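First comes the structure, then the notes that go with it.
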Amino acid sequence: MGLLSKKDTKLITDPLADNNPITIQVLGICSALAITAELKASIVMSISVIFVLGVGNVVISLIRNIIPSKIRIIVQLVVVAALVIIVDQVLKAFAYELSKTLSVFVGLIITNCIIMGRFEAFALGNGPWRSFLDGIGNALGYGVILIIVGFFRELLGSGTLLGYPVLGNPIPGELSGLYALGYENNGFMLLSPMALIVVGIIIWVQRSKNKALIED
């Protein structure tokens with residue numbers, strides 16, 4: 001028998017596609033709009049949420065039977081706040097410039113409705129292992145969308161990926177690559193509303209491939 005049963009596998013795979021927290025549940029949109037102008041920021045935010053949601057789900061699951069129902073939201077906020085502080089301090093220690101770019105949005109992981117939703121809907125009613133898988137699955141689903149959006153916004157808006165030029169040199173007098181053919185960066189891609197348009201295109205593609213996702 002494999003490590004993961006069919007039900008356990010679905011906890012990871014479903015949020016990657018047919019139950020994605022951003023494109024299907026429409027959660028966590030704020031950070032998808034705000035920090036995806038650069039691919040690096042998208043990747044770091046994704047890793048941060050994977051850590052917070054994976055570990056947080058396990059902690060909530062372990063203490064679920066001793067949390068008084070009247071203060072469960074407060075307990076959940078304390079758990080996620082502690083994990084976010086760890087993420088914030090690690091970023092400041094090892095990636096200070098990036099931590100300034102993400103700035104307040106790391107702190108807002110505390111109120112990310114994906115995280116609070118999984119605590120409330122899953123971790124409070126399931127064991128640590130399944131809660132861990134659910135947390136990792138939903139965080140991966142969130143991260144995949146962030147990385148896709150960040151990829152296209154940085155590529156088309158700046159002509160770079162992870163800060164490295166990939167379309168050529170855009171400096172006048174030194175033009176190369178696509179810029180030598182007349183290509184210009186699309187500055188609109190760096191504006192937050194364009195993230196919403198990219199997410200909308202992803203939703204359209206997803207629902208075109210799976211008609212069951214289209215509401216009546």
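Every chain in the structure tokens has a letter given in the order shown (A, B, ...), and although residue numbers restart at 1 in each chain, ligands are simply numbered from 1 in the order shown.
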
Against region 62-84 of chain A, which residues of region 118-192 of chain A fall within 9 Å? For each one I want the closest pair of atoms and the distance in Å (one decimal), counting only C-alpha atoms, rows by chain and increasing residue number, as a tab-separated table.
residue	atom	partner	partner_atom	distance
A:Phe119	CA	A:Gln76	CA	7.1
A:Glu120	CA	A:Ile73	CA	8.2
A:Ala123	CA	A:Arg64	CA	7.7
A:Leu124	CA	A:Arg64	CA	5.3
A:Gly125	CA	A:Arg64	CA	7.6
A:Asn126	CA	A:Arg64	CA	8.8
A:Gly127	CA	A:Leu62	CA	7.3
A:Pro128	CA	A:Leu62	CA	6.1

Closest-contact table, region 11-66 of chain A side, partner region 197-213 of chain A, 12 Å, counting only C-alpha atoms, as CSV:
residue,atom,partner,partner_atom,distance
A:Leu16,CA,A:Gln206,CA,11.1
A:Ala17,CA,A:Gln206,CA,7.9
A:Asp18,CA,A:Leu213,CA,7.4
A:Asn19,CA,A:Leu213,CA,9.1
A:Asn20,CA,A:Ile203,CA,9.9
A:Pro21,CA,A:Ile203,CA,11.6
A:Ile22,CA,A:Val199,CA,8.4
A:Thr23,CA,A:Ile203,CA,5.6
A:Ile24,CA,A:Ile203,CA,7.7
A:Gln25,CA,A:Ile203,CA,11.0
A:Val26,CA,A:Ile203,CA,10.1
A:Leu27,CA,A:Val199,CA,11.9
A:Gly28,CA,A:Val199,CA,11.7
A:Ile29,CA,A:Val199,CA,9.1
A:Cys30,CA,A:Val199,CA,11.8
A:Ala32,CA,A:Val199,CA,8.4
A:Leu33,CA,A:Val199,CA,9.0
A:Thr36,CA,A:Val198,CA,10.6
A:Ala37,CA,A:Val198,CA,11.5

**Message:** I need the residues of region 22-80 of chain A that end up classed as alpha helix (DSSP H) by DSSP on the backbone, written out as a VMD selection string.
**Reply:** chain A and resid 29 to 34 39 to 62 72 to 80

Convert the current residue selection to file output with N, CA, C and O atoms, as a short mmCIF file (atom, residue, chain, number, x, y, z; two decimals), in the first residue's frame.
data_model
loop_
_atom_site.label_atom_id
_atom_site.label_comp_id
_atom_site.auth_asym_id
_atom_site.auth_seq_id
_atom_site.Cartn_x
_atom_site.Cartn_y
_atom_site.Cartn_z
N ILE A 29 -7.16 36.69 -3.23
CA ILE A 29 -6.98 37.51 -4.43
C ILE A 29 -6.06 38.70 -4.16
O ILE A 29 -5.29 39.11 -5.04
N CYS A 30 -6.11 39.26 -2.96
CA CYS A 30 -5.35 40.49 -2.67
C CYS A 30 -3.87 40.35 -2.97
O CYS A 30 -3.28 41.18 -3.67
N SER A 31 -3.26 39.29 -2.44
CA SER A 31 -1.82 39.11 -2.68
C SER A 31 -1.54 38.75 -4.13
O SER A 31 -0.47 39.07 -4.66
N ALA A 32 -2.50 38.09 -4.79
CA ALA A 32 -2.32 37.77 -6.21
C ALA A 32 -2.24 39.04 -7.04
O ALA A 32 -1.56 39.09 -8.07
N LEU A 33 -2.92 40.09 -6.60
CA LEU A 33 -2.88 41.37 -7.31
C LEU A 33 -1.64 42.17 -6.95
O LEU A 33 -1.06 42.86 -7.77
N ALA A 34 -1.24 42.08 -5.69
CA ALA A 34 -0.26 43.04 -5.16
C ALA A 34 1.20 42.68 -5.39
O ALA A 34 2.02 43.56 -5.63
N LEU A 39 8.46 37.73 -10.47
CA LEU A 39 8.37 36.29 -10.27
C LEU A 39 9.00 35.86 -8.95
O LEU A 39 8.47 34.98 -8.25
N LYS A 40 10.12 36.50 -8.58
CA LYS A 40 10.79 36.12 -7.33
C LYS A 40 9.87 36.35 -6.13
O LYS A 40 9.77 35.51 -5.24
N ALA A 41 9.18 37.49 -6.10
CA ALA A 41 8.26 37.78 -5.00
C ALA A 41 7.12 36.77 -4.96
O ALA A 41 6.69 36.35 -3.89
N SER A 42 6.65 36.37 -6.13
CA SER A 42 5.58 35.38 -6.21
C SER A 42 6.03 34.04 -5.63
O SER A 42 5.28 33.38 -4.90
N ILE A 43 7.25 33.64 -5.97
CA ILE A 43 7.78 32.36 -5.49
C ILE A 43 7.96 32.39 -3.97
O ILE A 43 7.57 31.45 -3.26
N VAL A 44 8.54 33.48 -3.45
CA VAL A 44 8.77 33.58 -2.01
C VAL A 44 7.45 33.61 -1.24
O VAL A 44 7.31 32.96 -0.20
N MET A 45 6.47 34.36 -1.74
CA MET A 45 5.17 34.38 -1.08
C MET A 45 4.52 33.00 -1.10
O MET A 45 3.91 32.57 -0.11
N SER A 46 4.68 32.27 -2.21
CA SER A 46 4.12 30.93 -2.31
C SER A 46 4.75 30.00 -1.28
O SER A 46 4.06 29.25 -0.58
N ILE A 47 6.09 30.04 -1.17
CA ILE A 47 6.79 29.20 -0.20
C ILE A 47 6.37 29.57 1.22
O ILE A 47 6.18 28.69 2.08
N SER A 48 6.20 30.86 1.48
CA SER A 48 5.80 31.32 2.81
C SER A 48 4.43 30.76 3.18
O SER A 48 4.22 30.28 4.31
N VAL A 49 3.49 30.81 2.25
CA VAL A 49 2.14 30.32 2.52
C VAL A 49 2.15 28.80 2.67
O VAL A 49 1.41 28.24 3.50
N ILE A 50 2.97 28.10 1.90
CA ILE A 50 3.09 26.64 2.05
C ILE A 50 3.54 26.30 3.46
O ILE A 50 2.98 25.40 4.11
N PHE A 51 4.54 27.01 3.96
CA PHE A 51 5.03 26.77 5.32
C PHE A 51 3.95 27.08 6.36
O PHE A 51 3.67 26.25 7.24
N VAL A 52 3.36 28.26 6.25
CA VAL A 52 2.37 28.69 7.26
C VAL A 52 1.15 27.78 7.26
O VAL A 52 0.69 27.36 8.33
N LEU A 53 0.62 27.46 6.09
CA LEU A 53 -0.60 26.65 6.04
C LEU A 53 -0.33 25.19 6.37
O LEU A 53 -1.13 24.56 7.08
N GLY A 54 0.79 24.65 5.91
CA GLY A 54 1.12 23.26 6.22
C GLY A 54 1.34 23.04 7.70
O GLY A 54 0.72 22.16 8.32
N VAL A 55 2.20 23.86 8.30
CA VAL A 55 2.50 23.73 9.73
C VAL A 55 1.29 24.15 10.57
O VAL A 55 0.95 23.51 11.57
N GLY A 56 0.64 25.23 10.17
CA GLY A 56 -0.52 25.72 10.92
C GLY A 56 -1.64 24.71 10.99
O GLY A 56 -2.26 24.52 12.05
N ASN A 57 -1.93 24.05 9.88
CA ASN A 57 -2.97 23.02 9.88
C ASN A 57 -2.65 21.89 10.87
O ASN A 57 -3.52 21.39 11.57
N VAL A 58 -1.38 21.49 10.91
CA VAL A 58 -0.96 20.42 11.83
C VAL A 58 -1.14 20.87 13.29
O VAL A 58 -1.67 20.12 14.12
N VAL A 59 -0.71 22.09 13.59
CA VAL A 59 -0.82 22.60 14.97
C VAL A 59 -2.27 22.67 15.40
O VAL A 59 -2.64 22.22 16.50
N ILE A 60 -3.13 23.24 14.55
CA ILE A 60 -4.55 23.35 14.89
C ILE A 60 -5.17 21.96 15.06
O ILE A 60 -5.97 21.73 15.97
N SER A 61 -4.79 21.02 14.20
CA SER A 61 -5.32 19.66 14.31
C SER A 61 -4.90 19.00 15.62
O SER A 61 -5.71 18.32 16.27
N LEU A 62 -3.65 19.22 16.02
CA LEU A 62 -3.14 18.60 17.25
C LEU A 62 -3.86 19.12 18.50
O LEU A 62 -4.03 18.38 19.48
N ARG A 72 -11.94 29.82 19.43
CA ARG A 72 -11.16 29.08 18.43
C ARG A 72 -10.57 30.01 17.37
O ARG A 72 -9.46 29.78 16.90
N ILE A 73 -11.30 31.07 16.98
CA ILE A 73 -10.77 32.01 15.98
C ILE A 73 -9.54 32.73 16.53
O ILE A 73 -8.54 32.92 15.82
N ILE A 74 -9.59 33.10 17.80
CA ILE A 74 -8.45 33.78 18.43
C ILE A 74 -7.24 32.85 18.46
O ILE A 74 -6.11 33.26 18.16
N VAL A 75 -7.47 31.59 18.82
CA VAL A 75 -6.38 30.62 18.85
C VAL A 75 -5.78 30.44 17.46
O VAL A 75 -4.55 30.39 17.29
N GLN A 76 -6.64 30.35 16.45
CA GLN A 76 -6.16 30.20 15.08
C GLN A 76 -5.32 31.40 14.66
O GLN A 76 -4.26 31.25 14.02
N LEU A 77 -5.75 32.59 15.03
CA LEU A 77 -4.99 33.80 14.70
C LEU A 77 -3.63 33.82 15.40
O LEU A 77 -2.63 34.24 14.81
N VAL A 78 -3.59 33.36 16.65
CA VAL A 78 -2.32 33.31 17.38
C VAL A 78 -1.35 32.34 16.71
O VAL A 78 -0.16 32.65 16.54
N VAL A 79 -1.86 31.19 16.29
CA VAL A 79 -1.01 30.19 15.63
C VAL A 79 -0.45 30.74 14.33
O VAL A 79 0.76 30.67 14.07
N VAL A 80 -1.32 31.29 13.49
CA VAL A 80 -0.85 31.77 12.19
C VAL A 80 0.05 32.99 12.36
O VAL A 80 1.03 33.16 11.62
#

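Comparing the minimum interatomic distances between Ile85 (chain A) and each of A:Leu98, A:Leu162, A:Leu11, A:Ile110, counting only C-alpha atoms, we find that A:Ile110 sits nearest.
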
**Fill in**
From the list A:Gly117, A:Gly182, A:Gly107, A:Gly143, the nearest residue to Asn169 (chain A) using only C-alpha atoms is A:Gly182

**Prompt:** Can you tell me how far CA of Gly159 (chain A) sits from CA of Asn185 (chain A), in Å to one decimal?
**Reply:**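 Taking CA of Gly159 (chain A) and CA of Asn185 (chain A), their separation equals 6.3 Å.
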
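Of the residues listed (A:Ser99, A:Thr9, A:Ser131, A:Asn138), A:Asn138 shows the shortest atom-to-atom separation from Cys113 (chain A); distances use only C-alpha atoms.
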
**Message:** Considering only strand (DSSP E) as DSSP defines it on the backbone, what residues of region 8-168 of chain A qualify? List them as number ranges by chain.
**Reply:** A: 160-161, 164-165
